[in-house]
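Just final11.pdb here, PDB, C-alpha atoms, pLDDT in the B column:
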ATOM      1  CA  MET A  39      19.988  39.597  38.911  1.00 46.00           C
ATOM      2  CA  ALA A  40      19.427  35.953  38.440  1.00 49.00           C
ATOM      3  CA  ASN A  41      17.174  34.902  35.619  1.00 51.00           C
ATOM      4  CA  SER A  42      14.236  32.933  37.016  1.00 54.00           C
ATOM      5  CA  THR A  43      13.209  31.352  33.731  1.00 54.00           C
ATOM      6  CA  PRO A  44      14.061  27.678  33.539  1.00 55.00           C
ATOM      7  CA  VAL A  45      16.987  26.860  31.365  1.00 53.00           C
ATOM      8  CA  LYS A  46      15.992  24.714  28.447  1.00 54.00           C
ATOM      9  CA  THR A  47      18.160  21.697  28.149  1.00 57.00           C
ATOM     10  CA  ARG A  48      18.321  19.521  25.134  1.00 56.00           C
ATOM     11  CA  PRO A  49      17.275  15.921  25.704  1.00 56.00           C
ATOM     12  CA  ALA A  50      20.162  13.561  25.580  1.00 56.00           C
ATOM     13  CA  ALA A  51      20.609  12.257  22.082  1.00 53.00           C
ATOM     14  CA  GLU A  52      19.711   8.639  21.624  1.00 52.00           C
ATOM     15  CA  PRO A  53      22.745   6.453  21.139  1.00 53.00           C
ATOM     16  CA  ALA A  54      23.328   5.834  17.488  1.00 51.00           C
ATOM     17  CA  ARG A  55      22.337   2.353  16.421  1.00 56.00           C
ATOM     18  CA  PRO A  56      24.736   0.596  14.138  1.00 57.00           C
ATOM     19  CA  ALA A  57      23.397   0.387  10.608  1.00 62.00           C
ATOM     20  CA  SER A  58      22.546  -3.244  10.087  1.00 87.00           C
ATOM     21  CA  MET A  59      22.232  -5.186   6.894  1.00 92.00           C
ATOM     22  CA  MET A  60      18.604  -5.781   7.803  1.00 94.00           C
ATOM     23  CA  ALA A  61      17.876  -2.109   7.033  1.00 95.00           C
ATOM     24  CA  VAL A  62      18.767  -2.886   3.410  1.00 96.00           C
ATOM     25  CA  ILE A  63      17.582  -6.470   3.149  1.00 97.00           C
ATOM     26  CA  ALA A  64      14.107  -5.964   4.676  1.00 96.00           C
ATOM     27  CA  PRO A  65      12.876  -3.285   2.229  1.00 97.00           C
ATOM     28  CA  ALA A  66      14.433  -5.161  -0.698  1.00 97.00           C
ATOM     29  CA  ALA A  67      12.721  -8.408   0.317  1.00 98.00           C
ATOM     30  CA  GLY A  68       9.501  -6.486   0.862  1.00 97.00           C
ATOM     31  CA  TRP A  69       9.732  -5.077  -2.630  1.00 97.00           C
ATOM     32  CA  LEU A  70      10.262  -8.480  -4.223  1.00 98.00           C
ATOM     33  CA  LEU A  71       7.454 -10.115  -2.226  1.00 98.00           C
ATOM     34  CA  PRO A  72       4.978  -7.945  -0.288  1.00 98.00           C
ATOM     35  CA  GLY A  73       5.237  -8.640   3.448  1.00 97.00           C
ATOM     36  CA  ALA A  74       8.558 -10.487   3.166  1.00 98.00           C
ATOM     37  CA  GLY A  75      10.362  -7.574   4.837  1.00 97.00           C
ATOM     38  CA  HIS A  76       8.203  -8.125   7.904  1.00 97.00           C
ATOM     39  CA  ILE A  77       8.366 -11.917   7.785  1.00 97.00           C
ATOM     40  CA  ILE A  78      12.182 -12.026   7.812  1.00 97.00           C
ATOM     41  CA  GLN A  79      12.062  -9.821  10.921  1.00 96.00           C
ATOM     42  CA  LYS A  80       9.729 -12.334  12.606  1.00 95.00           C
ATOM     43  CA  ARG A  81       6.600 -10.167  12.282  1.00 96.00           C
ATOM     44  CA  TRP A  82       4.759 -13.185  10.919  1.00 96.00           C
ATOM     45  CA  ILE A  83       1.148 -12.054  11.177  1.00 97.00           C
ATOM     46  CA  ARG A  84       1.800  -8.552   9.873  1.00 97.00           C
ATOM     47  CA  GLY A  85       3.835  -9.958   7.002  1.00 98.00           C
ATOM     48  CA  LEU A  86       1.172 -12.479   6.027  1.00 98.00           C
ATOM     49  CA  LEU A  87      -1.577  -9.878   6.222  1.00 98.00           C
ATOM     50  CA  LEU A  88       0.448  -7.544   3.993  1.00 98.00           C
ATOM     51  CA  LEU A  89       1.132 -10.380   1.562  1.00 98.00           C
ATOM     52  CA  VAL A  90      -2.537 -11.343   1.349  1.00 98.00           C
ATOM     53  CA  SER A  91      -3.786  -7.743   1.102  1.00 98.00           C
ATOM     54  CA  ILE A  92      -1.317  -6.384  -1.441  1.00 98.00           C
ATOM     55  CA  GLY A  93      -1.137  -9.662  -3.352  1.00 98.00           C
ATOM     56  CA  SER A  94      -4.920  -9.968  -3.583  1.00 97.00           C
ATOM     57  CA  LEU A  95      -5.295  -6.365  -4.734  1.00 97.00           C
ATOM     58  CA  PHE A  96      -2.735  -6.877  -7.485  1.00 97.00           C
ATOM     59  CA  VAL A  97      -4.054 -10.277  -8.635  1.00 97.00           C
ATOM     60  CA  LEU A  98      -7.653  -9.049  -8.580  1.00 96.00           C
ATOM     61  CA  GLY A  99      -6.593  -6.058 -10.673  1.00 96.00           C
ATOM     62  CA  LEU A 100      -5.038  -8.418 -13.184  1.00 95.00           C
ATOM     63  CA  MET A 101      -8.120 -10.656 -13.219  1.00 95.00           C
ATOM     64  CA  MET A 102     -10.294  -7.601 -13.821  1.00 94.00           C
ATOM     65  CA  GLN A 103      -8.279  -7.176 -17.035  1.00 92.00           C
ATOM     66  CA  GLY A 104      -6.467  -4.121 -15.772  1.00 94.00           C
ATOM     67  CA  HIS A 105      -3.639  -2.618 -17.768  1.00 93.00           C
ATOM     68  CA  ILE A 106      -0.048  -2.821 -16.588  1.00 95.00           C
ATOM     69  CA  TYR A 107       2.255   0.097 -17.423  1.00 94.00           C
ATOM     70  CA  LYS A 108       5.662  -0.475 -18.975  1.00 93.00           C
ATOM     71  CA  PRO A 109       8.611   1.931 -18.564  1.00 92.00           C
ATOM     72  CA  ASN A 110       7.769   4.954 -20.691  1.00 89.00           C
ATOM     73  CA  GLY A 111       8.654   8.578 -21.207  1.00 87.00           C
ATOM     74  CA  GLY A 112       5.354   9.760 -22.587  1.00 83.00           C
ATOM     75  CA  ASP A 113       2.299  11.107 -20.818  1.00 91.00           C
ATOM     76  CA  ILE A 114       2.772  12.094 -17.168  1.00 92.00           C
ATOM     77  CA  LEU A 115      -0.105   9.850 -16.061  1.00 92.00           C
ATOM     78  CA  ASP A 116       1.505   6.897 -17.839  1.00 92.00           C
ATOM     79  CA  ILE A 117       4.810   7.614 -16.071  1.00 94.00           C
ATOM     80  CA  LEU A 118       3.042   7.817 -12.691  1.00 95.00           C
ATOM     81  CA  GLY A 119       1.166   4.610 -13.491  1.00 95.00           C
ATOM     82  CA  PHE A 120       4.481   2.901 -14.185  1.00 96.00           C
ATOM     83  CA  ILE A 121       5.944   4.146 -10.874  1.00 96.00           C
ATOM     84  CA  GLY A 122       2.898   2.836  -9.006  1.00 97.00           C
ATOM     85  CA  ASP A 123       3.025  -0.545 -10.741  1.00 97.00           C
ATOM     86  CA  LEU A 124       6.772  -0.797 -10.112  1.00 97.00           C
ATOM     87  CA  GLY A 125       6.127  -0.830  -6.363  1.00 97.00           C
ATOM     88  CA  ALA A 126       4.601  -4.289  -6.666  1.00 97.00           C
ATOM     89  CA  GLY A 127       8.131  -5.579  -7.306  1.00 94.00           C
ATOM     90  CA  GLY A 128       8.234  -9.296  -8.012  1.00 96.00           C
ATOM     91  CA  MET A 129       4.586  -9.425  -9.023  1.00 97.00           C
ATOM     92  CA  TYR A 130       5.158  -6.604 -11.528  1.00 97.00           C
ATOM     93  CA  ILE A 131       8.226  -8.328 -12.998  1.00 97.00           C
ATOM     94  CA  THR A 132       6.327 -11.619 -13.293  1.00 96.00           C
ATOM     95  CA  THR A 133       3.392  -9.892 -14.953  1.00 96.00           C
ATOM     96  CA  LEU A 134       5.646  -8.226 -17.510  1.00 95.00           C
ATOM     97  CA  ALA A 135       7.549 -11.462 -18.133  1.00 95.00           C
ATOM     98  CA  MET A 136       4.318 -13.378 -18.729  1.00 95.00           C
ATOM     99  CA  ASN A 137       3.004 -10.580 -20.934  1.00 93.00           C
ATOM    100  CA  TRP A 138      -0.160 -10.237 -18.850  1.00 93.00           C
ATOM    101  CA  GLY A 139      -2.165  -7.048 -18.469  1.00 89.00           C
ATOM    102  CA  GLN A 140      -1.400  -5.765 -21.950  1.00 88.00           C
ATOM    103  CA  GLY A 141      -4.940  -5.428 -23.268  1.00 80.00           C
ATOM    104  CA  ALA A 142      -6.733  -2.176 -23.920  1.00 80.00           C
ATOM    105  CA  ILE A 143      -9.020  -0.882 -21.179  1.00 77.00           C
ATOM    106  CA  ALA A 144     -12.393  -1.623 -22.732  1.00 78.00           C
ATOM    107  CA  PHE A 145     -14.802  -1.197 -19.799  1.00 82.00           C
ATOM    108  CA  ALA A 146     -15.091   0.444 -16.380  1.00 84.00           C
ATOM    109  CA  ILE A 147     -14.123  -2.601 -14.316  1.00 87.00           C
ATOM    110  CA  ALA A 148     -10.904  -2.970 -16.318  1.00 91.00           C
ATOM    111  CA  ASP A 149     -10.080   0.616 -15.382  1.00 92.00           C
ATOM    112  CA  TYR A 150     -10.719  -0.276 -11.734  1.00 93.00           C
ATOM    113  CA  GLY A 151      -8.353  -3.210 -12.188  1.00 94.00           C
ATOM    114  CA  THR A 152      -5.658  -0.867 -13.486  1.00 95.00           C
ATOM    115  CA  LYS A 153      -6.077   1.298 -10.390  1.00 96.00           C
ATOM    116  CA  PHE A 154      -6.052  -1.769  -8.124  1.00 97.00           C
ATOM    117  CA  MET A 155      -2.615  -2.732  -9.435  1.00 97.00           C
ATOM    118  CA  ILE A 156      -1.232   0.809  -9.126  1.00 97.00           C
ATOM    119  CA  VAL A 157      -2.532   1.085  -5.550  1.00 98.00           C
ATOM    120  CA  ALA A 158      -1.111  -2.365  -4.703  1.00 98.00           C
ATOM    121  CA  GLY A 159       2.302  -1.069  -5.778  1.00 98.00           C
ATOM    122  CA  LEU A 160       1.942   2.149  -3.804  1.00 98.00           C
ATOM    123  CA  LEU A 161       0.810   0.246  -0.703  1.00 98.00           C
ATOM    124  CA  ASN A 162       3.868  -1.953  -1.079  1.00 98.00           C
ATOM    125  CA  PHE A 163       6.072   1.159  -0.993  1.00 98.00           C
ATOM    126  CA  ILE A 164       4.461   1.996   2.385  1.00 98.00           C
ATOM    127  CA  ALA A 165       5.003  -1.588   3.590  1.00 98.00           C
ATOM    128  CA  MET A 166       8.665  -1.354   2.535  1.00 98.00           C
ATOM    129  CA  ALA A 167       9.091   1.863   4.537  1.00 97.00           C
ATOM    130  CA  ASP A 168       7.469   0.156   7.530  1.00 97.00           C
ATOM    131  CA  ALA A 169       9.866  -2.812   7.238  1.00 97.00           C
ATOM    132  CA  TYR A 170      12.765  -0.341   7.144  1.00 97.00           C
ATOM    133  CA  HIS A 171      11.501   1.427  10.263  1.00 97.00           C
ATOM    134  CA  ILE A 172      11.299  -1.894  12.087  1.00 96.00           C
ATOM    135  CA  ALA A 173      14.825  -2.764  10.934  1.00 96.00           C
ATOM    136  CA  ILE A 174      16.346   0.474  12.268  1.00 95.00           C
ATOM    137  CA  GLY A 175      14.413   0.205  15.536  1.00 94.00           C
ATOM    138  CA  LYS A 176      12.135   3.184  14.954  1.00 93.00           C
ATOM    139  CA  LYS A 177       9.096   0.921  15.210  1.00 92.00           C
ATOM    140  CA  ARG A 178       8.512  -2.284  17.144  1.00 87.00           C
TER     141      ARG A 178
ATOM    142  CA  MET B 227      -9.696 -16.201 -15.772  1.00 79.00           C
ATOM    143  CA  THR B 228     -11.522 -12.938 -15.353  1.00 86.00           C
ATOM    144  CA  VAL B 229     -13.425 -11.397 -12.476  1.00 88.00           C
ATOM    145  CA  GLN B 230     -16.430  -9.127 -12.851  1.00 87.00           C
ATOM    146  CA  LEU B 231     -17.005  -7.033  -9.751  1.00 90.00           C
ATOM    147  CA  THR B 232     -19.778  -4.517  -9.318  1.00 92.00           C
ATOM    148  CA  HIS B 233     -18.814  -0.935  -8.560  1.00 91.00           C
ATOM    149  CA  PHE B 234     -19.734  -1.360  -4.911  1.00 92.00           C
ATOM    150  CA  SER B 235     -17.954  -4.691  -4.424  1.00 95.00           C
ATOM    151  CA  ALA B 236     -14.845  -3.225  -6.061  1.00 95.00           C
ATOM    152  CA  ALA B 237     -14.987  -0.322  -3.578  1.00 95.00           C
ATOM    153  CA  LEU B 238     -15.529  -2.819  -0.735  1.00 96.00           C
ATOM    154  CA  VAL B 239     -12.522  -4.959  -1.708  1.00 97.00           C
ATOM    155  CA  PHE B 240     -10.353  -1.882  -2.186  1.00 96.00           C
ATOM    156  CA  ALA B 241     -11.382  -0.462   1.205  1.00 97.00           C
ATOM    157  CA  LEU B 242     -10.745  -3.766   2.970  1.00 98.00           C
ATOM    158  CA  PHE B 243      -7.228  -4.372   1.672  1.00 98.00           C
ATOM    159  CA  ALA B 244      -6.067  -0.753   1.791  1.00 98.00           C
ATOM    160  CA  SER B 245      -7.347  -0.461   5.391  1.00 98.00           C
ATOM    161  CA  ILE B 246      -5.422  -3.560   6.472  1.00 98.00           C
ATOM    162  CA  VAL B 247      -2.180  -2.126   5.064  1.00 98.00           C
ATOM    163  CA  PHE B 248      -2.825   1.330   6.535  1.00 98.00           C
ATOM    164  CA  GLY B 249      -3.613  -0.156   9.945  1.00 98.00           C
ATOM    165  CA  ILE B 250      -0.435  -2.257  10.036  1.00 97.00           C
ATOM    166  CA  THR B 251       1.906   0.419   8.750  1.00 97.00           C
ATOM    167  CA  HIS B 252       0.595   3.517  10.510  1.00 97.00           C
ATOM    168  CA  ARG B 253       0.233   2.344  14.122  1.00 96.00           C
ATOM    169  CA  GLU B 254       2.448   0.712  16.737  1.00 94.00           C
ATOM    170  CA  THR B 255       0.314  -1.584  18.868  1.00 95.00           C
ATOM    171  CA  THR B 256      -2.068  -4.309  17.757  1.00 95.00           C
ATOM    172  CA  ARG B 257      -5.034  -2.574  19.350  1.00 97.00           C
ATOM    173  CA  ASP B 258      -4.234   0.734  17.630  1.00 97.00           C
ATOM    174  CA  MET B 259      -3.695  -1.064  14.331  1.00 97.00           C
ATOM    175  CA  LEU B 260      -7.137  -2.647  14.569  1.00 97.00           C
ATOM    176  CA  ARG B 261      -8.825   0.616  15.519  1.00 98.00           C
ATOM    177  CA  TYR B 262      -7.105   2.597  12.784  1.00 98.00           C
ATOM    178  CA  GLY B 263      -7.823  -0.114  10.208  1.00 98.00           C
ATOM    179  CA  LEU B 264     -11.519  -0.050  11.089  1.00 98.00           C
ATOM    180  CA  TYR B 265     -11.507   3.758  10.975  1.00 98.00           C
ATOM    181  CA  CYS B 266      -9.902   3.752   7.507  1.00 98.00           C
ATOM    182  CA  PHE B 267     -12.359   1.107   6.279  1.00 98.00           C
ATOM    183  CA  ALA B 268     -15.324   3.164   7.488  1.00 98.00           C
ATOM    184  CA  MET B 269     -13.891   6.316   5.904  1.00 98.00           C
ATOM    185  CA  PHE B 270     -13.218   4.614   2.560  1.00 97.00           C
ATOM    186  CA  LEU B 271     -16.683   3.073   2.334  1.00 96.00           C
ATOM    187  CA  GLY B 272     -18.464   6.059   3.887  1.00 97.00           C
ATOM    188  CA  GLY B 273     -16.652   8.409   1.511  1.00 96.00           C
ATOM    189  CA  ALA B 274     -17.659   6.302  -1.494  1.00 95.00           C
ATOM    190  CA  LEU B 275     -21.296   6.225  -0.368  1.00 95.00           C
ATOM    191  CA  VAL B 276     -21.416   9.980   0.357  1.00 96.00           C
ATOM    192  CA  ALA B 277     -19.744  10.779  -2.975  1.00 95.00           C
ATOM    193  CA  GLY B 278     -22.196   8.472  -4.754  1.00 93.00           C
ATOM    194  CA  TRP B 279     -25.236  10.124  -3.193  1.00 95.00           C
ATOM    195  CA  ALA B 280     -23.756  13.599  -3.843  1.00 96.00           C
ATOM    196  CA  MET B 281     -23.366  12.757  -7.531  1.00 95.00           C
ATOM    197  CA  TRP B 282     -26.919  11.416  -7.609  1.00 94.00           C
ATOM    198  CA  LEU B 283     -28.168  14.720  -6.136  1.00 96.00           C
ATOM    199  CA  VAL B 284     -26.141  16.793  -8.582  1.00 95.00           C
ATOM    200  CA  ARG B 285     -27.506  14.791 -11.491  1.00 91.00           C
ATOM    201  CA  ARG B 286     -31.133  15.408 -10.517  1.00 85.00           C
TER     202      ARG B 286
END

Conversion result in structure tokens:
Amino acid sequence: MANSTPVKTRPAAEPARPASMMAVIAPAAGWLLPGAGHIIQKRWIRGLLLLVSIGSLFVLGLMMQGHIYKPNGGDILDILGFIGDLGAGGMYITTLAMNWGQGAIAFAIADYGTKFMIVAGLLNFIAMADAYHIAIGKKR
Amino acid sequence: MTVQLTHFSAALVFALFASIVFGITHRETTRDMLRYGLYCFAMFLGGALVAGWAMWLVRR
């Protein structure tokens, strides 16, 4: 007896796209300068908006006398703070080189500033992933 | 140079910039990006206001 249930067929696999250098360069550029991964792929407006948003968050955090975390192996929150700050890439390196953001957190707004800089770094990780997705053709 | 923001203006600035990044990175089309960005902004600010009033009620 013939089976009347429809046979499930797998959708044809998408043709593999060749791995391009852009898939490496875009996230790296985005890490060094927020939004640069989008700008070098001609997503000008998105790139500029990311640059302004992430850059402003980081700079405001610094101007609010937030604390910047250095590489450390101590408290788990300090390690996570360092990972968040590291996402800001070039801005983080510049801040460390200029020895900014090294003061003690003396008041509430300075604590907000610390969080602003951590979140700026984490948002930049998301922007880097987005630049990578554009580079591999997963997103327009 | 230092900046002194109030608690609310700090929340406002945070919500604005985080929403822009979320909108751009989480949606495909410009229209969807705008809608999702506005949604995130409303949720960030609304959440802060609700949490603030909840803490005020708890404190009473």

Interface rows for chain A against chain B: nearest pair, Å to one decimal, 9 Å, only C-alpha atoms, as a tab-separated table:
residue	atom	partner	partner_atom	distance
A:Arg84	CA	B:Ile250	CA	6.7
A:Leu87	CA	B:Ile246	CA	7.4
A:Leu88	CA	B:Val247	CA	6.1
A:Val90	CA	B:Phe243	CA	8.4
A:Ser91	CA	B:Phe243	CA	4.9
A:Ile92	CA	B:Phe243	CA	7.0
A:Ser94	CA	B:Phe243	CA	8.0
A:Leu95	CA	B:Phe243	CA	7.0
A:Leu98	CA	B:Val229	CA	7.3
A:Gly99	CA	B:Val229	CA	8.9
A:Leu100	CA	B:Thr228	CA	8.2
A:Met101	CA	B:Thr228	CA	4.6
A:Met102	CA	B:Val229	CA	5.1
A:Gln103	CA	B:Thr228	CA	6.8
A:Ala146	CA	B:His233	CA	8.8
A:Ile147	CA	B:Leu231	CA	7.0
A:Ala148	CA	B:Gln230	CA	9.0
A:Tyr150	CA	B:Ala236	CA	7.6
A:Gly151	CA	B:Ala236	CA	8.9
A:Phe154	CA	B:Phe240	CA	7.3
A:Val157	CA	B:Ala244	CA	8.4
A:Ala158	CA	B:Ala244	CA	8.3
A:Leu161	CA	B:Val247	CA	6.9
A:Asn162	CA	B:Val247	CA	8.6
A:Ile164	CA	B:Thr251	CA	7.0
A:Ala165	CA	B:Thr251	CA	6.3
A:Ala167	CA	B:Thr251	CA	8.5
A:Asp168	CA	B:Thr251	CA	5.7
A:Ala169	CA	B:Thr251	CA	8.7
A:Lys177	CA	B:Glu254	CA	6.8
A:Arg178	CA	B:Glu254	CA	6.8

What's the 8 Å shell around Trp69 of chain A, counting only C-alpha atoms, without same-chain residues fewer than 6 positions away, as a short mmCIF file (atom, residue, chain, number, x, y, z; two decimals) with C-alpha atoms, keeping the file's coordinate frame?
data_model
loop_
_atom_site.label_atom_id
_atom_site.label_comp_id
_atom_site.auth_asym_id
_atom_site.auth_seq_id
_atom_site.Cartn_x
_atom_site.Cartn_y
_atom_site.Cartn_z
CA GLY A 75 10.36 -7.57 4.84
CA GLY A 125 6.13 -0.83 -6.36
CA ALA A 126 4.60 -4.29 -6.67
CA GLY A 127 8.13 -5.58 -7.31
CA GLY A 128 8.23 -9.30 -8.01
CA ASN A 162 3.87 -1.95 -1.08
CA PHE A 163 6.07 1.16 -0.99
CA MET A 166 8.66 -1.35 2.54
#

Might you spell out which residues the PyMOL selection byres ((chain B and resi 267-280) around 8) would select in the displayed file, as a ChimeraX atom specification? /B:237-238,241-242,244-245,263-266,281-284

Between atom CA of His171 of chain A and atom CA of Met60 of chain A - distance in Å to one decimal: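 Interatomic distance here is 10.4 Å.
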
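Between atom CA of Leu86 of chain A and atom CA of Phe234 of chain B the separation is 26.1 Å.
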
Å distance separating atom CA of Ile131 of chain A from atom CA of Phe96 of chain A, one decimal place: 12.4 Å

Would you compute the box with edges along x, y and z of the file around segment 227-235 of chain B, including every atom the file lists for it and 6 Å extra on each side, and give its centre and edge lengths in Å to one decimal, as JSON?
{"center_x": -14.7, "center_y": -8.6, "center_z": -10.1, "size_x": 22.1, "size_y": 27.3, "size_z": 23.3}

Nearby residues (all atoms listed in the file) at most 12 Å from Gln140 of chain A, same-chain spacing under 4 positions excluded, as a list in words: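 In the requested form, the answer reads Leu100, Gln103, Gly104, His105, Ile106, Tyr107, Lys108, Thr133, Leu134, Ala135, Met136, Ala144, Ala148 and Thr152 of chain A.
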
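Closest approach to Val62 of chain A from the set A:Ala74, A:Ile83, A:Lys176, A:Tyr170 is made by A:Tyr170, with distances taken over all atoms listed in the file.
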
Expand the PyMOL selection byres ((chain A and resi 121) around 9) into the individual residues it matches in the shown file, reporting them as a PyMOL selection string. chain A and resi 107+109+116-120+122-125+156+159-160
